[in-house]
Structure formats: structure tokens, C-alpha cells
Amino acid sequence: MGLLVFIIGVIGWHVGMYGMFKKASIEPWKALVPFYNTWLIVEKTAIRKYWFWLQLIPIAGQFITIWITIIFVMHFKKVDLIAHTLTVFFPFIYFPYLGFSEKEKWYGGEILKHYHKPASREWIDAGVFAIVAATIIRTFVFEAYVIPTGSMEKTLLINDFLFVNKMSYGARVPQTPISFPFVHNTMPFTKTVPSYIKEVQLPYKRLPAFTEVKRNDVVVFNFPAGDTIINLPEYGSANPYYDVLRFTYRGDREAFAQSGLPLLVHPMDKTDNYIKRCVAISGDVLQVKNGTLFVNNQPAYLPPASQSDYLVETNGTNFSEEFLREELGIDIDNPGDQVRTIDKPGTLIFNLTPEEVQKVKKQPNVKAVAPYSDNQIGVTFPNDETNFPWTVDNYGPLTVPKKGDVITLNQQNIALYRRLISNYENNQLEETNGKFIINGKETNTYTIKYNYYWMMGDNRHRSQDSRFWGFVPETHVVGKASLIWFSWDKGPRWKRLFNGIK
């Protein structure tokens with residue numbers, strides 16, 4: 001439903017612009033060309049050209065685009081607050097009216113010169129309104145998001161620019177309402193200075209939703225293990241504090257404190273945004289067997305563009321550069337993690353989609369292709385090797401907690417629920433002599449307060465996901481990734497523009 005509303009909005013916007021361009025003596029078909037249409041608006045309204053380029057900046061560019069369209073509408077002699085409000089929130093209705101109503105016409109820049117406010121004042125007012133409106137839209141309707149890593153390849157690629165639909169699952173009321181606009185958790189041009197004031201905190205509340213999180217949705221959420229980070233550029237969520245504490249300092253907090261590494265505690269809604277596929281919802285039983293994911297004892301959906309590691313045994317001769325570049329999309333000058341060598345002569349590890357596996361098998365120098373299995377124990381959630389000796393490729397079975405479930409706590413399963421009880425559901429948990437004390441009362445049961453989800457990347461061996469840090473609470477869900485509106489890799493990836501996300 002949310003995606004349908006978005007599509008109707010896009011169509012209405014462009015239909016209206018078609019009529020408005022015609023009235024402004026611009027060839028109307030040009031209104032249908034993304035980016036070029038705003039370039040023509042900038043030219044027609046005599047806005048300085050650099051504003052066109054500034055609108056391409058992720059996040060901040062949203063309000064600039066809104067401001068440009070408000071200026072365009074003002075040249076139709078629509079300068080009051082009602083016109084600005086309609087331009088921002090109902091352009092799919094208002095623009096067709098301006099474009100095709102016989103009562104409305106294009107006046108040009110002269111109309112602003114004769115208006116009682118100076119044109120400069122109108123521009124400032126429009127800019128302020130655009131900032132406020134864009135903040136509301138970004139908070140409650142949709143938000144631009146850029147893919148930073150390869151964890152979802154090749155479903156989503158690094159530098160894919162997405163629209164995240166916040167209405168689908170119900171927009172959250174901001175927990176941390178006082179923050180710098182158009183940024184997430186750090187100030188512009190910094191990686192460590194917080195952009196918010198956390199002294200004012202609101203309780204978790206979500207507006208009515210069009211739908212619930214469904215199995216196989218691509219979801220943006222706040223990183224659950226990112227509530228505490230080492231506040232240095234080389235750490236953050238890429239090298240989580242809990243992993244450093246566990247693996248480098250063996251859980252010794254005093255030793256970590258002596259390291260001098262600075263810590264920053266984020267509010268829940270200001271932890272870094274992650275994007276993964278929801279492979280299991282509340283109440284599901286999931287298990288990974290030899291790299292294959294099962295949900296409720298059935299093989300899970302495998303996205304056609306998903307990637308995984310494969311051992312490729314050759315006869316010792318190399319692959320052609322043309323094959324690597326054209327068929328596998330590998331940058332031979334900078335292959336990164338797509339191709340790795342191991343100690344066994346003639347054997348490589350390739351990161352491939354199912355379609356690419358078939359291409360590799362057909363190469364004359366290939367003797368065998370087999371799935372790669374990561375058998376390292378001790379790196380996965382819940383980090384209890386005794387009771388849960390799981391690996392990335394052999395994991396579970398595990399039941400995803402559901403709101404209302406009553407779980408019996410014991411020394412064998414407490415590692416699964418410790419963070420859920422204390423961090424996600426904000427209880428005081430004490431463990432003394434094998435007994436559990438929750439909020440001052442001894443008990444061996446706990447009733448789950450929220451629904452939880454299990455998130456995994458489509459690039460199964462290149463993804464920091466739930467296998468490493470566990471459940472994602474409903475409180476952390478931001479929205480549904482709906483549309484790729486732009487993509488860049490040494491130039492625009494034209495074929496990816498305006499593709500839906502499946």
C-alpha cells in the first residue's frame with residue numbers, strides 16, 4: 001500500500017509538471033526527464049545553477065529540491081502558506097491543477113518584483129518552509145538512504161541511492177526529537193561529533209502502519225549492537241565495541257577502560273542505520289545448514305542476485321580478464337573480496353551469484369566448484385561456545401521471539417535473552433548464584449514485550465548481520481526499502497534507476 005501511494009505521487013507530480021512546463025513555455029515532455037526537469041526549472045526561475053547540483057547531495061538535497069519546486073510554483077503567483085503546503089505535501093494533486101486549470105497561468109519573475117514582500121524575502125521564507133517540510137517528510141514519510149557496503153550485493157550495490165518508505169510499517173515518533181536537521185547521528189563533515197541532544201527522550205511510539213514486517217522484506221533498521229560505540233572513525237559500527245570488548249579484551253571492561261578508547265552511547269533511534277533482508281519474523285524457527293538457510297524447516301527464499309562464497313578449483317591456468325570483467329563484473333585492478341586466494345594451489349574463493357556459478361563451471365580451466373563453508377566457532381551470537389557452538393554456515397535452530405511469548409530462563413539459554421531483557425526491553429536484570437532477578441524480583445520466566453526479527457544480508461559471507469549480533473526488535477525498525485532512485489559507480493548506473501527492490 002505504501003509503495004502504491006508513492007507511485008501515485010510520482011505519476012501525479014510528473015503529470016502536473018508536464019502542464020506547468022507547457023504554461024511556462026518549456027517543452028512539456030522535458031518535465032518527464034528526471035533531474036533534467038529540475039535543471040530547466042532552475043534556468044527558468046533564474047536560480048543560481050549551483051543549487052541544481054546541491055540537490056544531488058544525499059539527505060540534504062531533499063529540502064533543496066522541495067525549495068526549487070516552491071520557487072517554481074511562486075512564479076505562478078502562488079506565494080502564500082497554503083500554496084507552499086500543497087506544493088510540499090500534495091504535489092500530485094496541486095501540480096496537475098496548476099498545469100491544466102484554465103484559471104491558473106505562468107506569470108514569470110516579474111510577479112515577484114511587484115509583490116509586497118521583496119523577492120529575497122520570499123526566497124528566504126520558501127527556504128525555511130522547505131526545511132521544516134522536508135524534516136517532516138524525512139521523519140514520517142520517506143527518507144533517502146545510500147548503500148555503504150556490499151552486504152546486500154548484488155541485490156543492492158554500493159552507492160545505490162534508495163527511498164526508504166517509513167509509512168509501510170508505521171513511522172516512529174522520534175525518540176530523540178532535538179537534533180540537527182538532515183543528518184542522522186553525527187554533525188556534517190564529521191564522523192564523531194553527535195548531532196543530537198539526548199537529554200530529551202520520548203517513549204517508543206509508532207503511527208498506524210499499512211502492513212507488518214514480512215518475511216523477505218528488505219528493511220532499514222537501527223543497528224541493535226550500535227547503542228555503544230568506540231567513537232573513532234576506524235571503529236563505530238564497522239568494528240563494534242562489543243566485538244572489541246569480547247575478542248580483544250576477553251570481556252574485561254577494566255582493561256578496556258585503561259585503553260583510553262572513547263565511548264559514545266547512542267539513543268536507540270540514533271544508532272547507525274543498517275539494511276538487510278528480513279529472513280524470519282516473530283515465531284519463526286530458523287536454521288542454517290551447510291550454508292543453506294531454512295525457515296520453519298523449509299528452504300528459505302534465495303534472491304536471484306544474492307552472493308555467496310564458492311571454492312573454485314582450476315587446472316592452474318588463469319581466467320581471462322575479459323571473463324572476469326564482462327561476465328562476473330570484477331574489477332581486475334581492484335578485486336577486493338570478490339576473488340581471494342588460499343593456501344591450496346590452483347584454488348580460489350569467488351563471491352558469486354547462482355547465475356555466475358553456472359558461468360564459472362563452464363570455463364575450460366575449472367575442475368570443480370563447491371560452496372565454501374565457514375567453520376569458525378565463537379564469533380556468532382549469542383557468543384556462548386559451550387551451549388551454542390554455532391558457525392556462520394551451520395547455525396541454529398533458533399526461535400525468533402514473539403510478543404507475548406513466555407520463556408523459561410536457565411543457565412543454558414540466558415545468553416540468547418540477556419540483551420533482549422536488559423537493553424531492548426529496558427529491564428534491570430541481575431544474575432546471582434544461578435538465579436535471575438528482574439526489576440528486583442526473583443523469577444525464572446520472562447514475557448516478551450515486543451516482536452523481533454532476524455535480518456541477514458543477501459551477500460551471505462560478506463554481511464555483518466543477525467548471525468553476529470542477534471535479534472532486531474520492532475522498536476529499531478525504520479522502514480521498508482522501496483525504490484532505487486539513483487546509482488553511481490564511476491558514473492550513473494542508468495539501468496538501476498527507478499528499479500523497485502524485491
# chains A, B, ... in the order shown; residues from 1 in each chain; ligands from 1
$ select_by_dssp --residues "range 216-263 of chain A" --states "strand (DSSP E)" --output "PyMOL selection string"
chain A and resi 218-222+228-230+263
$ write_last_selection --atoms "N, CA, C and O atoms" --output "CSV table (one decimal), in the first residue's frame"
chain,number,residue,atom,x,y,z
A,218,VAL,N,13.0,-6.2,2.4
A,218,VAL,CA,14.3,-5.5,2.6
A,218,VAL,C,14.1,-4.3,3.5
A,218,VAL,O,13.3,-3.4,3.2
A,219,VAL,N,14.7,-4.4,4.7
A,219,VAL,CA,14.3,-3.5,5.8
A,219,VAL,C,15.5,-2.6,6.2
A,219,VAL,O,16.6,-3.1,6.3
A,220,VAL,N,15.3,-1.3,6.5
A,220,VAL,CA,16.2,-0.5,7.1
A,220,VAL,C,15.9,-0.4,8.6
A,220,VAL,O,14.8,-0.2,9.0
A,221,PHE,N,16.9,-0.5,9.5
A,221,PHE,CA,16.7,-0.6,10.9
A,221,PHE,C,17.9,0.0,11.6
A,221,PHE,O,19.0,0.1,11.1
A,222,ASN,N,17.7,0.4,12.9
A,222,ASN,CA,18.8,0.9,13.7
A,222,ASN,C,19.6,-0.3,14.2
A,222,ASN,O,19.0,-1.3,14.7
A,228,THR,N,26.3,1.3,21.9
A,228,THR,CA,27.5,1.8,22.4
A,228,THR,C,28.6,1.6,21.4
A,228,THR,O,28.8,0.5,20.9
A,229,ILE,N,29.3,2.7,21.0
A,229,ILE,CA,30.4,2.5,20.0
A,229,ILE,C,31.7,3.1,20.5
A,229,ILE,O,31.7,4.0,21.5
A,230,ILE,N,32.8,2.7,20.0
A,230,ILE,CA,34.1,3.3,20.2
A,230,ILE,C,34.1,4.5,19.2
A,230,ILE,O,34.0,4.4,18.0
A,263,LEU,N,34.3,6.1,24.3
A,263,LEU,CA,33.0,5.5,24.1
A,263,LEU,C,31.9,6.6,23.9
A,263,LEU,O,31.9,7.6,24.5
$ atom_distance --atom1 "CA of His476 in chain A" --atom2 "CA of Val193 in chain A"
22.1 Å
$ residues_around --residues "Leu156 in chain A" --least-positions-apart "4" --cutoff "9 Å" --atoms "only C-alpha atoms" --output "MDAnalysis selection string"
chainID A and resid 147 150:152 160 305 458 484 501
$ closest_atom_pairs --of "range 308-332 of chain A" --to "range 372-393 of chain A" --cutoff "6 Å" --atoms "only C-alpha atoms" --output "CSV"
residue,atom,partner,partner_atom,distance
A:Asp309,CA,A:Tyr372,CA,5.4
A:Tyr310,CA,A:Tyr372,CA,4.7
A:Leu311,CA,A:Tyr372,CA,5.5
$ write_last_selection --atoms "N, CA and C atoms" --output "mmCIF file, in the first residue's frame"
data_model
loop_
_atom_site.group_PDB
_atom_site.id
_atom_site.type_symbol
_atom_site.label_atom_id
_atom_site.label_comp_id
_atom_site.auth_asym_id
_atom_site.auth_seq_id
_atom_site.Cartn_x
_atom_site.Cartn_y
_atom_site.Cartn_z
ATOM 1 N N ASP A 309 30.100 -17.358 -1.065
ATOM 2 C CA ASP A 309 31.461 -17.771 -1.401
ATOM 3 C C ASP A 309 31.483 -19.199 -1.938
ATOM 4 N N TYR A 310 32.313 -19.400 -2.953
ATOM 5 C CA TYR A 310 32.488 -20.724 -3.552
ATOM 6 C C TYR A 310 33.974 -21.018 -3.730
ATOM 7 N N LEU A 311 34.340 -22.270 -3.469
ATOM 8 C CA LEU A 311 35.694 -22.732 -3.748
ATOM 9 C C LEU A 311 35.757 -23.153 -5.218
#
$ residues_around --residues "Ile414 in chain A" --least-positions-apart "6" --cutoff "10 Å" --atoms "only C-alpha atoms" --output "ChimeraX atom specification"
/A:382,384,408,420-421,431,436
$ select_by_dssp --residues "range 314-360 of chain A" --states "alpha helix (DSSP H)" --output "JSON, numbers by chain"
{"A": [321, 322, 354, 355, 356, 357, 358, 359, 360]}
$ closest_residue --among "A:Glu474, A:Val369, A:Asn426, A:Tyr241" --to "Arg172 in chain A" --atoms "only C-alpha atoms"
A:Glu474
$ closest_residue --among "A:Lys214, A:Lys105, A:Lys441, A:Arg48" --to "Lys78 in chain A" --atoms "only C-alpha atoms"
A:Lys105
$ atom_distance --atom1 "CA of Trp469 in chain A" --atom2 "CA of Arg246 in chain A"
12.3 Å
$ closest_residue --among "A:Ser195, A:Gln363, A:Ser237, A:Asn165" --to "Pro177 in chain A" --atoms "only C-alpha atoms"
A:Ser195
$ closest_atom_pairs --of "range 160-221 of chain A" --to "range 127-142 of chain A" --cutoff "6 Å" --atoms "only C-alpha atoms" --output "CSV"
residue,atom,partner,partner_atom,distance
A:Val164,CA,A:Phe142,CA,5.3
A:Asn165,CA,A:Phe142,CA,4.6
A:Lys166,CA,A:Val141,CA,5.2
A:Met167,CA,A:Val141,CA,5.6
A:Ala171,CA,A:Phe140,CA,5.1
$ write_last_selection --atoms "all heavy atoms" --output "PDB file, in the first residue's frame"
ATOM      1  N   VAL A 164      13.477   5.042   1.365  1.00  0.00           N
ATOM      2  CA  VAL A 164      13.003   4.166   2.427  1.00  0.00           C
ATOM      3  C   VAL A 164      11.612   4.625   2.850  1.00  0.00           C
ATOM      4  O   VAL A 164      11.444   5.758   3.315  1.00  0.00           O
ATOM      5  CB  VAL A 164      13.965   4.177   3.628  1.00  0.00           C
ATOM      6  CG1 VAL A 164      13.433   3.296   4.752  1.00  0.00           C
ATOM      7  CG2 VAL A 164      15.345   3.718   3.202  1.00  0.00           C
ATOM      8  N   ASN A 165      10.634   3.778   2.649  1.00  0.00           N
ATOM      9  CA  ASN A 165       9.246   4.094   2.945  1.00  0.00           C
ATOM     10  C   ASN A 165       8.983   3.882   4.433  1.00  0.00           C
ATOM     11  O   ASN A 165       8.990   2.751   4.916  1.00  0.00           O
ATOM     12  CB  ASN A 165       8.330   3.207   2.102  1.00  0.00           C
ATOM     13  CG  ASN A 165       6.874   3.593   2.217  1.00  0.00           C
ATOM     14  OD1 ASN A 165       6.461   4.241   3.170  1.00  0.00           O
ATOM     15  ND2 ASN A 165       6.087   3.178   1.244  1.00  0.00           N
ATOM     16  N   LYS A 166       8.740   4.975   5.162  1.00  0.00           N
ATOM     17  CA  LYS A 166       8.505   4.873   6.598  1.00  0.00           C
ATOM     18  C   LYS A 166       7.040   4.633   6.937  1.00  0.00           C
ATOM     19  O   LYS A 166       6.716   4.268   8.070  1.00  0.00           O
ATOM     20  CB  LYS A 166       9.019   6.127   7.304  1.00  0.00           C
ATOM     21  CG  LYS A 166      10.528   6.294   7.200  1.00  0.00           C
ATOM     22  CD  LYS A 166      11.028   7.422   8.072  1.00  0.00           C
ATOM     23  CE  LYS A 166      12.558   7.476   8.067  1.00  0.00           C
ATOM     24  NZ  LYS A 166      13.086   8.533   8.947  1.00  0.00           N
ATOM     25  N   MET A 167       6.160   4.854   5.948  1.00  0.00           N
ATOM     26  CA  MET A 167       4.740   4.649   6.212  1.00  0.00           C
ATOM     27  C   MET A 167       4.370   3.167   6.238  1.00  0.00           C
ATOM     28  O   MET A 167       3.386   2.789   6.871  1.00  0.00           O
ATOM     29  CB  MET A 167       3.909   5.368   5.156  1.00  0.00           C
ATOM     30  CG  MET A 167       4.081   6.871   5.129  1.00  0.00           C
ATOM     31  SD  MET A 167       2.972   7.655   3.914  1.00  0.00           S
ATOM     32  CE  MET A 167       3.623   6.968   2.380  1.00  0.00           C
ATOM     33  N   ALA A 171       5.408   5.026  10.733  1.00  0.00           N
ATOM     34  CA  ALA A 171       6.550   5.881  11.103  1.00  0.00           C
ATOM     35  C   ALA A 171       6.663   5.988  12.619  1.00  0.00           C
ATOM     36  O   ALA A 171       5.654   6.076  13.328  1.00  0.00           O
ATOM     37  CB  ALA A 171       6.394   7.266  10.487  1.00  0.00           C
TER      38      ALA A 171
END
$ atom_distance --atom1 "CA of Thr176 in chain A" --atom2 "CA of Trp454 in chain A"
25.2 Å
$ closest_residue --among "A:Glu355, A:Gln307, A:Asn451, A:Tyr301" --to "Glu327 in chain A" --atoms "only C-alpha atoms"
A:Glu355
$ residues_around --residues "Phe223 in chain A" --least-positions-apart "5" --cutoff "6 Å" --atoms "only C-alpha atoms" --output "PyMOL selection string"
chain A and resi 271-274
$ closest_residue --among "A:Leu207, A:Gly396, A:Arg325, A:Gly236" --to "Asn297 in chain A" --atoms "only C-alpha atoms"
A:Gly396
$ residues_around --residues "Cys278 in chain A" --least-positions-apart "3" --cutoff "6 Å" --atoms "only C-alpha atoms" --output "short mmCIF file (atom, residue, chain, number, x, y, z; two decimals) with C-alpha atoms, in the first residue's frame"
data_model
loop_
_atom_site.label_atom_id
_atom_site.label_comp_id
_atom_site.auth_asym_id
_atom_site.auth_seq_id
_atom_site.Cartn_x
_atom_site.Cartn_y
_atom_site.Cartn_z
CA ARG A 215 9.37 -12.38 5.57
CA ASN A 216 11.85 -11.41 2.80
CA ASP A 217 11.20 -7.65 3.01
CA TRP A 454 16.04 -11.92 12.04
CA MET A 455 17.96 -9.92 9.45
#
$ closest_residue --among "A:Leu261, A:Ile349, A:Ala225, A:Ala415" --to "Phe468 in chain A" --atoms "only C-alpha atoms"
A:Ala225
$ residues_around --residues "Glu102 in chain A" --least-positions-apart "6" --cutoff "12 Å" --atoms "only C-alpha atoms" --output "ChimeraX atom specification"
/A:19-20,23,96
